[in-house]
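So this one's final_17.pdb, PDB, C-alpha atoms, pLDDT in the B column:
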```pdb
ATOM      1  CA  MET Y   1       1.833  22.572 -57.634  1.00 55.00           C
ATOM      2  CA  ASP Y   2      -0.917  20.767 -55.728  1.00 62.00           C
ATOM      3  CA  ALA Y   3       0.262  20.012 -52.164  1.00 62.00           C
ATOM      4  CA  THR Y   4      -2.328  17.241 -51.802  1.00 70.00           C
ATOM      5  CA  ALA Y   5      -1.111  15.218 -54.779  1.00 82.00           C
ATOM      6  CA  ASP Y   6       1.189  12.218 -54.564  1.00 89.00           C
ATOM      7  CA  ARG Y   7       4.566  13.517 -55.640  1.00 93.00           C
ATOM      8  CA  PHE Y   8       7.535  11.702 -57.170  1.00 93.00           C
ATOM      9  CA  VAL Y   9      10.938  13.213 -57.919  1.00 95.00           C
ATOM     10  CA  LEU Y  10      13.398  11.632 -60.317  1.00 96.00           C
ATOM     11  CA  SER Y  11      16.791  12.969 -61.365  1.00 97.00           C
ATOM     12  CA  LEU Y  12      18.446  11.647 -64.535  1.00 97.00           C
ATOM     13  CA  PRO Y  13      21.920  12.176 -65.984  1.00 98.00           C
ATOM     14  CA  SER Y  14      21.594  13.845 -69.386  1.00 98.00           C
ATOM     15  CA  HIS Y  15      22.785  10.765 -71.295  1.00 97.00           C
ATOM     16  CA  PRO Y  16      20.511   9.109 -73.871  1.00 96.00           C
ATOM     17  CA  ARG Y  17      21.317   5.686 -72.387  1.00 96.00           C
ATOM     18  CA  TYR Y  18      19.365   6.566 -69.248  1.00 97.00           C
ATOM     19  CA  LEU Y  19      16.131   7.518 -71.024  1.00 96.00           C
ATOM     20  CA  CYS Y  20      15.155   3.842 -70.778  1.00 94.00           C
ATOM     21  CA  VAL Y  21      14.586   4.435 -67.057  1.00 95.00           C
ATOM     22  CA  LEU Y  22      11.458   6.401 -67.982  1.00 96.00           C
ATOM     23  CA  GLN Y  23       9.822   3.340 -69.562  1.00 94.00           C
ATOM     24  CA  GLY Y  24      10.096   1.353 -66.366  1.00 93.00           C
ATOM     25  CA  PHE Y  25       9.213   4.245 -64.074  1.00 94.00           C
ATOM     26  CA  PHE Y  26       6.134   5.514 -65.910  1.00 93.00           C
ATOM     27  CA  GLY Y  27       5.051   2.105 -67.166  1.00 91.00           C
ATOM     28  CA  ASN Y  28       4.982   0.571 -63.692  1.00 89.00           C
ATOM     29  CA  LEU Y  29       3.697   3.639 -61.860  1.00 89.00           C
ATOM     30  CA  LEU Y  30       0.827   4.417 -64.218  1.00 88.00           C
ATOM     31  CA  ALA Y  31      -0.206   0.770 -64.555  1.00 85.00           C
ATOM     32  CA  ASP Y  32      -0.317   0.474 -60.777  1.00 84.00           C
ATOM     33  CA  LEU Y  33      -2.480   3.582 -60.562  1.00 80.00           C
ATOM     34  CA  GLY Y  34      -4.972   2.210 -63.050  1.00 79.00           C
ATOM     35  CA  PHE Y  35      -4.023   4.144 -66.163  1.00 84.00           C
ATOM     36  CA  SER Y  36      -4.686   2.202 -69.346  1.00 88.00           C
ATOM     37  CA  SER Y  37      -1.658   0.675 -71.051  1.00 90.00           C
ATOM     38  CA  TYR Y  38      -2.257   3.045 -73.975  1.00 92.00           C
ATOM     39  CA  GLU Y  39      -2.262   6.109 -71.705  1.00 90.00           C
ATOM     40  CA  ALA Y  40       0.910   4.861 -70.034  1.00 93.00           C
ATOM     41  CA  MET Y  41       2.618   4.370 -73.416  1.00 95.00           C
ATOM     42  CA  GLN Y  42       1.532   7.843 -74.508  1.00 95.00           C
ATOM     43  CA  VAL Y  43       2.743   9.629 -71.372  1.00 96.00           C
ATOM     44  CA  THR Y  44       6.024   7.691 -71.394  1.00 96.00           C
ATOM     45  CA  LEU Y  45       6.611   8.765 -75.003  1.00 97.00           C
ATOM     46  CA  ALA Y  46       5.825  12.427 -74.269  1.00 97.00           C
ATOM     47  CA  VAL Y  47       8.186  12.543 -71.276  1.00 97.00           C
ATOM     48  CA  HIS Y  48      10.861  10.645 -73.199  1.00 97.00           C
ATOM     49  CA  GLU Y  49      10.632  13.133 -76.092  1.00 96.00           C
ATOM     50  CA  ALA Y  50      10.806  16.095 -73.715  1.00 96.00           C
ATOM     51  CA  CYS Y  51      13.928  14.704 -72.027  1.00 97.00           C
ATOM     52  CA  ALA Y  52      15.488  13.886 -75.415  1.00 96.00           C
ATOM     53  CA  ASN Y  53      14.891  17.516 -76.435  1.00 94.00           C
ATOM     54  CA  VAL Y  54      16.623  18.686 -73.247  1.00 96.00           C
ATOM     55  CA  ILE Y  55      19.679  16.533 -74.055  1.00 96.00           C
ATOM     56  CA  GLU Y  56      19.788  17.589 -77.700  1.00 93.00           C
ATOM     57  CA  HIS Y  57      18.899  21.270 -77.442  1.00 92.00           C
ATOM     58  CA  SER Y  58      19.257  22.606 -73.880  1.00 95.00           C
ATOM     59  CA  TYR Y  59      22.459  20.661 -73.167  1.00 97.00           C
ATOM     60  CA  GLN Y  60      23.544  20.369 -76.820  1.00 95.00           C
ATOM     61  CA  GLY Y  61      24.570  16.760 -76.313  1.00 95.00           C
ATOM     62  CA  ASP Y  62      26.504  17.323 -73.063  1.00 97.00           C
ATOM     63  CA  THR Y  63      25.940  14.045 -71.213  1.00 97.00           C
ATOM     64  CA  GLY Y  64      27.296  15.300 -67.886  1.00 97.00           C
ATOM     65  CA  GLN Y  65      24.306  17.424 -66.906  1.00 98.00           C
ATOM     66  CA  ARG Y  66      21.115  16.702 -64.971  1.00 97.00           C
ATOM     67  CA  ILE Y  67      17.421  16.499 -65.784  1.00 98.00           C
ATOM     68  CA  ASP Y  68      15.047  16.739 -62.812  1.00 98.00           C
ATOM     69  CA  LEU Y  69      11.531  15.366 -63.143  1.00 98.00           C
ATOM     70  CA  THR Y  70       8.671  15.965 -60.736  1.00 97.00           C
ATOM     71  CA  VAL Y  71       5.523  13.916 -61.207  1.00 96.00           C
ATOM     72  CA  LEU Y  72       2.250  14.724 -59.473  1.00 95.00           C
ATOM     73  CA  ILE Y  73      -0.514  12.147 -59.402  1.00 91.00           C
ATOM     74  CA  MET Y  74      -3.992  13.519 -58.829  1.00 88.00           C
ATOM     75  CA  PRO Y  75      -7.328  11.697 -59.112  1.00 82.00           C
ATOM     76  CA  ASP Y  76      -8.169  13.030 -62.551  1.00 83.00           C
ATOM     77  CA  ASN Y  77      -4.911  14.478 -63.679  1.00 86.00           C
ATOM     78  CA  LEU Y  78      -1.212  13.743 -64.106  1.00 92.00           C
ATOM     79  CA  ALA Y  79       1.309  16.599 -64.064  1.00 95.00           C
ATOM     80  CA  VAL Y  80       4.965  16.323 -65.050  1.00 97.00           C
ATOM     81  CA  GLU Y  81       7.606  19.014 -64.630  1.00 98.00           C
ATOM     82  CA  ILE Y  82      10.897  18.628 -66.469  1.00 98.00           C
ATOM     83  CA  ARG Y  83      13.639  20.929 -65.229  1.00 98.00           C
ATOM     84  CA  ASP Y  84      16.922  21.519 -66.991  1.00 98.00           C
ATOM     85  CA  TYR Y  85      19.803  23.880 -66.324  1.00 97.00           C
ATOM     86  CA  GLY Y  86      20.995  24.416 -69.877  1.00 96.00           C
ATOM     87  CA  SER Y  87      20.428  27.003 -72.559  1.00 93.00           C
ATOM     88  CA  LYS Y  88      16.941  28.430 -72.830  1.00 88.00           C
ATOM     89  CA  PRO Y  89      14.845  27.663 -75.891  1.00 81.00           C
ATOM     90  CA  ASP Y  90      13.368  30.267 -78.179  1.00 80.00           C
ATOM     91  CA  ILE Y  91       9.754  29.555 -77.224  1.00 76.00           C
ATOM     92  CA  ALA Y  92       8.402  31.028 -80.457  1.00 73.00           C
ATOM     93  CA  ALA Y  93      10.597  28.625 -82.436  1.00 73.00           C
ATOM     94  CA  ILE Y  94       9.299  25.471 -80.699  1.00 71.00           C
ATOM     95  CA  GLN Y  95       6.724  24.435 -83.257  1.00 68.00           C
ATOM     96  CA  PRO Y  96       5.783  20.997 -84.484  1.00 66.00           C
ATOM     97  CA  ARG Y  97       6.443  20.696 -88.187  1.00 64.00           C
ATOM     98  CA  ALA Y  98       3.725  20.062 -90.724  1.00 63.00           C
ATOM     99  CA  LEU Y  99       3.096  16.308 -90.869  1.00 60.00           C
ATOM    100  CA  GLN Y 100       2.562  16.294 -94.620  1.00 61.00           C
ATOM    101  CA  ASP Y 101       6.224  17.248 -94.922  1.00 64.00           C
ATOM    102  CA  VAL Y 102       7.442  13.673 -94.444  1.00 62.00           C
ATOM    103  CA  ARG Y 103      11.093  13.708 -93.468  1.00 61.00           C
ATOM    104  CA  PRO Y 104      13.202  12.546 -90.552  1.00 59.00           C
ATOM    105  CA  GLY Y 105      13.275  14.789 -87.477  1.00 62.00           C
ATOM    106  CA  GLY Y 106      11.024  17.345 -85.835  1.00 74.00           C
ATOM    107  CA  LEU Y 107       8.322  14.953 -84.671  1.00 89.00           C
ATOM    108  CA  GLY Y 108       9.104  14.985 -80.947  1.00 92.00           C
ATOM    109  CA  THR Y 109       7.367  18.300 -80.293  1.00 91.00           C
ATOM    110  CA  HIS Y 110       4.363  17.125 -82.304  1.00 92.00           C
ATOM    111  CA  PHE Y 111       4.120  13.973 -80.186  1.00 95.00           C
ATOM    112  CA  ILE Y 112       4.290  15.948 -76.930  1.00 96.00           C
ATOM    113  CA  ARG Y 113       1.535  18.343 -78.008  1.00 94.00           C
ATOM    114  CA  ALA Y 114      -0.622  15.574 -79.480  1.00 94.00           C
ATOM    115  CA  ILE Y 115      -0.448  13.478 -76.303  1.00 95.00           C
ATOM    116  CA  MET Y 116      -0.534  15.982 -73.446  1.00 96.00           C
ATOM    117  CA  ASP Y 117      -3.476  18.274 -72.642  1.00 96.00           C
ATOM    118  CA  SER Y 118      -1.316  21.247 -71.689  1.00 97.00           C
ATOM    119  CA  VAL Y 119       2.316  22.062 -72.408  1.00 96.00           C
ATOM    120  CA  THR Y 120       3.997  25.229 -71.107  1.00 96.00           C
ATOM    121  CA  TYR Y 121       7.607  26.344 -71.050  1.00 95.00           C
ATOM    122  CA  ASP Y 122       8.793  28.468 -68.125  1.00 95.00           C
ATOM    123  CA  VAL Y 123      12.053  30.263 -68.889  1.00 93.00           C
ATOM    124  CA  SER Y 124      11.889  32.505 -65.806  1.00 93.00           C
ATOM    125  CA  PRO Y 125      14.488  30.573 -63.725  1.00 94.00           C
ATOM    126  CA  ASP Y 126      17.972  32.124 -63.760  1.00 92.00           C
ATOM    127  CA  MET Y 127      19.302  28.920 -65.318  1.00 93.00           C
ATOM    128  CA  GLY Y 128      17.487  26.610 -67.676  1.00 96.00           C
ATOM    129  CA  THR Y 129      13.846  25.885 -68.319  1.00 96.00           C
ATOM    130  CA  VAL Y 130      10.894  24.185 -66.657  1.00 97.00           C
ATOM    131  CA  LEU Y 131       8.573  22.320 -69.013  1.00 97.00           C
ATOM    132  CA  ARG Y 132       5.175  21.680 -67.424  1.00 97.00           C
ATOM    133  CA  MET Y 133       2.802  19.151 -68.952  1.00 97.00           C
ATOM    134  CA  THR Y 134      -0.501  17.747 -67.807  1.00 96.00           C
ATOM    135  CA  LYS Y 135      -2.593  14.816 -68.942  1.00 93.00           C
ATOM    136  CA  ARG Y 136      -6.218  14.256 -67.928  1.00 88.00           C
ATOM    137  CA  ARG Y 137      -7.189  10.709 -67.179  1.00 80.00           C
ATOM    138  CA  SER Y 138     -10.041   9.015 -68.973  1.00 74.00           C
ATOM    139  CA  GLU Y 139     -10.989   7.208 -65.726  1.00 65.00           C
ATOM    140  CA  PRO Y 140     -10.506   8.532 -62.162  1.00 58.00           C
ATOM    141  CA  CYS Y 141      -7.232   7.372 -60.674  1.00 53.00           C
ATOM    142  CA  LYS Y 142      -7.183   4.873 -57.800  1.00 54.00           C
ATOM    143  CA  LEU Y 143      -5.034   6.817 -55.363  1.00 53.00           C
ATOM    144  CA  PRO Y 144      -4.117   4.843 -52.236  1.00 51.00           C
TER     145      PRO Y 144
ATOM    146  CA  MET C 145      21.502  -2.616 -79.890  1.00 88.00           C
ATOM    147  CA  GLN C 146      21.235  -6.109 -81.301  1.00 96.00           C
ATOM    148  CA  VAL C 147      19.886  -6.391 -84.851  1.00 97.00           C
ATOM    149  CA  ALA C 148      19.106  -9.804 -86.319  1.00 98.00           C
ATOM    150  CA  ILE C 149      19.488 -10.171 -90.079  1.00 98.00           C
ATOM    151  CA  GLU C 150      17.483 -12.904 -91.820  1.00 96.00           C
ATOM    152  CA  SER C 151      16.943 -13.955 -95.404  1.00 95.00           C
ATOM    153  CA  PRO C 152      13.648 -15.794 -95.859  1.00 93.00           C
ATOM    154  CA  GLN C 153      14.046 -15.845 -99.650  1.00 92.00           C
ATOM    155  CA  THR C 154      16.995 -15.250-101.964  1.00 93.00           C
ATOM    156  CA  GLY C 155      17.576 -11.519-102.302  1.00 95.00           C
ATOM    157  CA  ILE C 156      15.120 -10.532 -99.566  1.00 97.00           C
ATOM    158  CA  THR C 157      16.537  -9.220 -96.291  1.00 98.00           C
ATOM    159  CA  VAL C 158      14.727  -9.019 -92.968  1.00 98.00           C
ATOM    160  CA  VAL C 159      16.195  -6.525 -90.486  1.00 98.00           C
ATOM    161  CA  ARG C 160      14.957  -7.208 -86.969  1.00 98.00           C
ATOM    162  CA  PRO C 161      15.967  -4.631 -84.296  1.00 98.00           C
ATOM    163  CA  GLN C 162      15.892  -6.115 -80.804  1.00 98.00           C
ATOM    164  CA  GLY C 163      15.194  -3.582 -78.085  1.00 97.00           C
ATOM    165  CA  THR C 164      14.191   0.036 -77.678  1.00 96.00           C
ATOM    166  CA  LEU C 165      14.519   2.144 -80.830  1.00 97.00           C
ATOM    167  CA  ASP C 166      15.358   5.612 -79.518  1.00 96.00           C
ATOM    168  CA  MET C 167      17.998   8.345 -79.664  1.00 94.00           C
ATOM    169  CA  ASN C 168      20.420   6.064 -77.812  1.00 95.00           C
ATOM    170  CA  SER C 169      20.152   3.047 -80.104  1.00 96.00           C
ATOM    171  CA  VAL C 170      19.244   4.660 -83.431  1.00 96.00           C
ATOM    172  CA  PRO C 171      22.811   5.604 -84.524  1.00 95.00           C
ATOM    173  CA  ASP C 172      23.846   1.915 -84.518  1.00 96.00           C
ATOM    174  CA  PHE C 173      20.591   0.743 -86.086  1.00 98.00           C
ATOM    175  CA  ARG C 174      20.828   3.428 -88.771  1.00 97.00           C
ATOM    176  CA  GLN C 175      24.239   2.109 -89.874  1.00 97.00           C
ATOM    177  CA  THR C 176      22.962  -1.455 -90.049  1.00 98.00           C
ATOM    178  CA  LEU C 177      19.814  -0.475 -91.939  1.00 98.00           C
ATOM    179  CA  ALA C 178      21.762   1.606 -94.462  1.00 98.00           C
ATOM    180  CA  ALA C 179      24.240  -1.233 -95.057  1.00 98.00           C
ATOM    181  CA  GLU C 180      21.514  -3.851 -95.511  1.00 98.00           C
ATOM    182  CA  ILE C 181      19.581  -1.647 -97.961  1.00 98.00           C
ATOM    183  CA  GLN C 182      22.772  -1.351 -99.996  1.00 97.00           C
ATOM    184  CA  ARG C 183      23.387  -5.097 -99.783  1.00 96.00           C
ATOM    185  CA  THR C 184      19.951  -6.542-100.463  1.00 96.00           C
ATOM    186  CA  GLY C 185      18.966  -7.586-103.965  1.00 94.00           C
ATOM    187  CA  ARG C 186      15.167  -7.633-104.165  1.00 96.00           C
ATOM    188  CA  GLY C 187      13.770  -5.859-101.125  1.00 97.00           C
ATOM    189  CA  LEU C 188      14.001  -5.164 -97.433  1.00 98.00           C
ATOM    190  CA  ILE C 189      11.634  -5.951 -94.575  1.00 98.00           C
ATOM    191  CA  VAL C 190      11.903  -4.296 -91.158  1.00 98.00           C
ATOM    192  CA  ALA C 191      10.372  -6.649 -88.571  1.00 98.00           C
ATOM    193  CA  LEU C 192       9.498  -4.740 -85.402  1.00 98.00           C
ATOM    194  CA  SER C 193       8.126  -7.462 -83.125  1.00 98.00           C
ATOM    195  CA  GLU C 194      10.986  -7.070 -80.663  1.00 98.00           C
ATOM    196  CA  VAL C 195      10.767  -3.281 -80.271  1.00 98.00           C
ATOM    197  CA  PRO C 196       8.937  -2.546 -76.997  1.00 96.00           C
ATOM    198  CA  PHE C 197       9.373   1.227 -77.290  1.00 97.00           C
ATOM    199  CA  MET C 198      10.125   3.660 -80.125  1.00 97.00           C
ATOM    200  CA  ASP C 199      10.548   7.440 -80.122  1.00 96.00           C
ATOM    201  CA  SER C 200      10.744  10.117 -82.834  1.00 95.00           C
ATOM    202  CA  SER C 201      14.357   9.107 -83.596  1.00 94.00           C
ATOM    203  CA  GLY C 202      13.079   5.621 -84.364  1.00 96.00           C
ATOM    204  CA  ILE C 203      10.392   6.789 -86.751  1.00 95.00           C
ATOM    205  CA  ALA C 204      12.947   9.120 -88.368  1.00 93.00           C
ATOM    206  CA  VAL C 205      15.286   6.249 -89.208  1.00 95.00           C
ATOM    207  CA  LEU C 206      12.382   4.207 -90.605  1.00 96.00           C
ATOM    208  CA  ILE C 207      11.558   7.169 -92.887  1.00 94.00           C
ATOM    209  CA  GLU C 208      15.220   7.368 -93.926  1.00 94.00           C
ATOM    210  CA  GLY C 209      15.175   3.651 -94.733  1.00 96.00           C
ATOM    211  CA  LEU C 210      12.214   4.108 -97.046  1.00 95.00           C
ATOM    212  CA  LYS C 211      13.923   6.984 -98.834  1.00 94.00           C
ATOM    213  CA  TRP C 212      17.166   4.999 -99.247  1.00 96.00           C
ATOM    214  CA  SER C 213      15.169   2.063-100.617  1.00 97.00           C
ATOM    215  CA  ARG C 214      13.335   4.317-103.072  1.00 95.00           C
ATOM    216  CA  GLY C 215      16.764   5.553-104.201  1.00 96.00           C
ATOM    217  CA  ARG C 216      17.548   1.940-105.203  1.00 95.00           C
ATOM    218  CA  ALA C 217      13.986   1.315-106.460  1.00 96.00           C
ATOM    219  CA  LEU C 218      13.646  -1.529-103.949  1.00 96.00           C
ATOM    220  CA  PRO C 219      10.492  -2.537-102.051  1.00 97.00           C
ATOM    221  CA  TYR C 220      10.661  -1.615 -98.344  1.00 97.00           C
ATOM    222  CA  MET C 221       8.122  -2.984 -95.919  1.00 98.00           C
ATOM    223  CA  LEU C 222       7.408  -2.866 -92.211  1.00 98.00           C
ATOM    224  CA  THR C 223       5.846  -5.763 -90.363  1.00 98.00           C
ATOM    225  CA  GLN C 224       5.053  -7.169 -86.895  1.00 98.00           C
ATOM    226  CA  LEU C 225       4.413  -3.763 -85.335  1.00 98.00           C
ATOM    227  CA  THR C 226       4.166  -3.774 -81.542  1.00 97.00           C
ATOM    228  CA  PRO C 227       1.491  -1.541 -79.928  1.00 96.00           C
ATOM    229  CA  ALA C 228       4.171   1.036 -79.045  1.00 96.00           C
ATOM    230  CA  VAL C 229       5.457   1.164 -82.629  1.00 98.00           C
ATOM    231  CA  GLN C 230       1.909   1.298 -84.019  1.00 97.00           C
ATOM    232  CA  MET C 231       1.117   4.213 -81.692  1.00 97.00           C
ATOM    233  CA  VAL C 232       4.107   6.248 -82.887  1.00 97.00           C
ATOM    234  CA  ILE C 233       3.328   5.600 -86.562  1.00 96.00           C
ATOM    235  CA  GLU C 234      -0.280   6.686 -85.984  1.00 95.00           C
ATOM    236  CA  LEU C 235       0.743   9.794 -84.021  1.00 95.00           C
ATOM    237  CA  ALA C 236       2.982  10.760 -86.950  1.00 93.00           C
ATOM    238  CA  ARG C 237       0.100   9.910 -89.339  1.00 92.00           C
ATOM    239  CA  LEU C 238       2.377   7.705 -91.393  1.00 93.00           C
ATOM    240  CA  GLU C 239       0.137   4.606 -91.589  1.00 91.00           C
ATOM    241  CA  HIS C 240      -0.297   5.157 -95.332  1.00 91.00           C
ATOM    242  CA  PHE C 241       3.253   6.361 -95.993  1.00 93.00           C
ATOM    243  CA  PHE C 242       4.775   3.004 -95.156  1.00 96.00           C
ATOM    244  CA  THR C 243       3.771  -0.335 -96.652  1.00 96.00           C
ATOM    245  CA  ILE C 244       2.848  -2.437 -93.626  1.00 97.00           C
ATOM    246  CA  ALA C 245       2.469  -6.211 -93.984  1.00 97.00           C
ATOM    247  CA  GLU C 246       0.801  -8.672 -91.616  1.00 95.00           C
ATOM    248  CA  SER C 247       3.816 -10.962 -91.382  1.00 97.00           C
ATOM    249  CA  VAL C 248       7.307 -11.528 -92.735  1.00 97.00           C
ATOM    250  CA  GLU C 249       5.895 -14.185 -95.064  1.00 97.00           C
ATOM    251  CA  ASP C 250       3.250 -11.781 -96.369  1.00 97.00           C
ATOM    252  CA  ALA C 251       5.858  -9.050 -96.875  1.00 97.00           C
ATOM    253  CA  ALA C 252       8.169 -11.432 -98.730  1.00 97.00           C
ATOM    254  CA  ALA C 253       5.288 -12.579-100.951  1.00 96.00           C
ATOM    255  CA  GLN C 254       4.458  -8.958-101.809  1.00 95.00           C
ATOM    256  CA  ILE C 255       8.097  -8.270-102.692  1.00 94.00           C
ATOM    257  CA  ILE C 256       8.273 -11.349-104.921  1.00 93.00           C
ATOM    258  CA  HIS C 257       4.989 -10.400-106.584  1.00 91.00           C
ATOM    259  CA  ALA C 258       6.272  -6.858-107.250  1.00 84.00           C
ATOM    260  CA  SER C 259       9.601  -7.950-108.743  1.00 77.00           C
TER     261      SER C 259
END
```

Can you turn what I pasted into structure tokens?
Amino acid sequence: MDATADRFVLSLPSHPRYLCVLQGFFGNLLADLGFSSYEAMQVTLAVHEACANVIEHSYQGDTGQRIDLTVLIMPDNLAVEIRDYGSKPDIAAIQPRALQDVRPGGLGTHFIRAIMDSVTYDVSPDMGTVLRMTKRRSEPCKLP
Amino acid sequence: MQVAIESPQTGITVVRPQGTLDMNSVPDFRQTLAAEIQRTGRGLIVALSEVPFMDSSGIAVLIEGLKWSRGRALPYMLTQLTPAVQMVIELARLEHFFTIAESVEDAAAQIIHAS
């Protein structure tokens, strides 16, 4: 990670009721840094979907676990790391489904890949997974 | 989650979720939507003006609602999309899958015209 970036750390219980925290956190932070409201909505959705996937798949609905987020703000780039301590995904199986197959479910991964510029899964930790995502800004960020 | 139920015309039901439509709130909303689709006589309108955020669970339940309505051969319309809801529908490329009306009144008129 870039040591010169502004860094935020947020730890969430793995309960769906707390995902609403992300709307306030990313909405306010990105608006204050000059991201467009559309970019802020997009990034909030991508992070929300990633955390929802952690709850559903890595923790299999166990609401007593933890999700650690690290956010790095750089002038032309936003990076988000989402760390869980649950079961590791089968990376090859994480594929967005074909959109012409209209049915409920399976859209979260599509949203993440459609919104973010890079998405990588790191399963090297002894426990859990680190999902790293970046999003380039359309306009340079007004860092303090 | 709070869900307001309105009836602008006899046999037409407006379901209005109030709040975030995500994996936390969708189970409750899903029950309400399913019950209202069973109950309504001429058609169902989902008014989304009070949904500030929606995730893939939200779009999934809207797809389910359309399929349940088709099962009863009832018109099913979305209206009053917020920017966040519009964004999710566009990301899923479902703009042409749903029938989207400008307003509740417009949706109700389309339902009456179709019946």

Which polymer residues have any atom within 8 Å of an atom of Phe173 of chain C, counting only C-alpha atoms, with same-chain residues fewer than 6 positions away left out, as a CSV table (one decimal) with C-alpha atoms, in the coordinates of the input?
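Saved to around_39.csv:
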```
chain,number,residue,atom,x,y,z
C,145,MET,CA,21.5,-2.6,-79.9
C,147,VAL,CA,19.9,-6.4,-84.9
C,161,PRO,CA,16.0,-4.6,-84.3
```

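Distance check against chain C using all atoms listed in the file: of Y:Ile73, Y:Met116, Y:Ala92, Y:Leu107, the minimum falls on Y:Leu107.
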
Problem set entry | chain Y contacts on chain C, all atoms listed in the file, 10 Å, as a ChimeraX atom specification | /C:164,166-169,196-208,211,227-228,231-232,235-238,241

Emit the selected residues as a compact mmCIF listing (two decimals), keeping the file's coordinate frame, including C-alpha atoms.
```
# COMPACT_ATOMS: atom_id res chain seq x y z
CA THR C 164 14.19 0.04 -77.68
CA ASP C 166 15.36 5.61 -79.52
CA MET C 167 18.00 8.35 -79.66
CA ASN C 168 20.42 6.06 -77.81
CA SER C 169 20.15 3.05 -80.10
CA PRO C 196 8.94 -2.55 -77.00
CA PHE C 197 9.37 1.23 -77.29
CA MET C 198 10.12 3.66 -80.12
CA ASP C 199 10.55 7.44 -80.12
CA SER C 200 10.74 10.12 -82.83
CA SER C 201 14.36 9.11 -83.60
CA GLY C 202 13.08 5.62 -84.36
CA ILE C 203 10.39 6.79 -86.75
CA ALA C 204 12.95 9.12 -88.37
CA VAL C 205 15.29 6.25 -89.21
CA LEU C 206 12.38 4.21 -90.60
CA ILE C 207 11.56 7.17 -92.89
CA GLU C 208 15.22 7.37 -93.93
CA LYS C 211 13.92 6.98 -98.83
CA PRO C 227 1.49 -1.54 -79.93
CA ALA C 228 4.17 1.04 -79.04
CA MET C 231 1.12 4.21 -81.69
CA VAL C 232 4.11 6.25 -82.89
CA LEU C 235 0.74 9.79 -84.02
CA ALA C 236 2.98 10.76 -86.95
CA ARG C 237 0.10 9.91 -89.34
CA LEU C 238 2.38 7.70 -91.39
CA PHE C 241 3.25 6.36 -95.99
```

Exercise. So which residues fall inside 6 Å of (13.8, -6.7, -88.1) if we count all atoms listed in the file? Mind giving them as number ranges by chain?
Worked result: C: 158-161, 190-192

Exercise. Hey, what comes out of the PyMOL selection byres ((chain Y and resi 65) around 12) on this file? Could you write it as number ranges by chain?
Worked result: Y: 11-16, 51, 54-56, 58-64, 66-68, 83-87, 128

For this session: Tell me which residues the PyMOL selection byres ((chain C and resi 154) around 12) grabs here, as a PyMOL selection string.
Result: chain C and resi 150-153+155-158+184-188+252+255-256

Write out the residues from the selection above, keeping C-alpha atoms, as a PDB file, in the frame of the given file.
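Wrote it out as again.pdb, contents follow:
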```
ATOM      1  CA  GLU C 150      17.483 -12.904 -91.820  1.00 96.00           C
ATOM      2  CA  SER C 151      16.943 -13.955 -95.404  1.00 95.00           C
ATOM      3  CA  PRO C 152      13.648 -15.794 -95.859  1.00 93.00           C
ATOM      4  CA  GLN C 153      14.046 -15.845 -99.650  1.00 92.00           C
ATOM      5  CA  GLY C 155      17.576 -11.519-102.302  1.00 95.00           C
ATOM      6  CA  ILE C 156      15.120 -10.532 -99.566  1.00 97.00           C
ATOM      7  CA  THR C 157      16.537  -9.220 -96.291  1.00 98.00           C
ATOM      8  CA  VAL C 158      14.727  -9.019 -92.968  1.00 98.00           C
ATOM      9  CA  THR C 184      19.951  -6.542-100.463  1.00 96.00           C
ATOM     10  CA  GLY C 185      18.966  -7.586-103.965  1.00 94.00           C
ATOM     11  CA  ARG C 186      15.167  -7.633-104.165  1.00 96.00           C
ATOM     12  CA  GLY C 187      13.770  -5.859-101.125  1.00 97.00           C
ATOM     13  CA  LEU C 188      14.001  -5.164 -97.433  1.00 98.00           C
ATOM     14  CA  ALA C 252       8.169 -11.432 -98.730  1.00 97.00           C
ATOM     15  CA  ILE C 255       8.097  -8.270-102.692  1.00 94.00           C
ATOM     16  CA  ILE C 256       8.273 -11.349-104.921  1.00 93.00           C
TER      17      ILE C 256
END
```

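Atom CA of Ile189 of chain C sits 7.3 Å away from atom CA of Val248 of chain C.
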
For this session: Output the residue selection produced by the PyMOL selection byres ((chain Y and resi 130) around 9) on the file above, formatted as an MDAnalysis selection string.
Result: chainID Y and resid 81:85 120:125 128:129 131:132

Exercise. So how far away is atom CA of Gly27 of chain Y from atom CA of Leu225 of chain C, in Å?
Worked result: 19.1 Å

Exercise. What does the distance from atom CA of Glu246 of chain C to atom CA of Ala148 of chain C come to in Å, to one decimal?
Worked result: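 These two atoms are separated by 19.1 Å.
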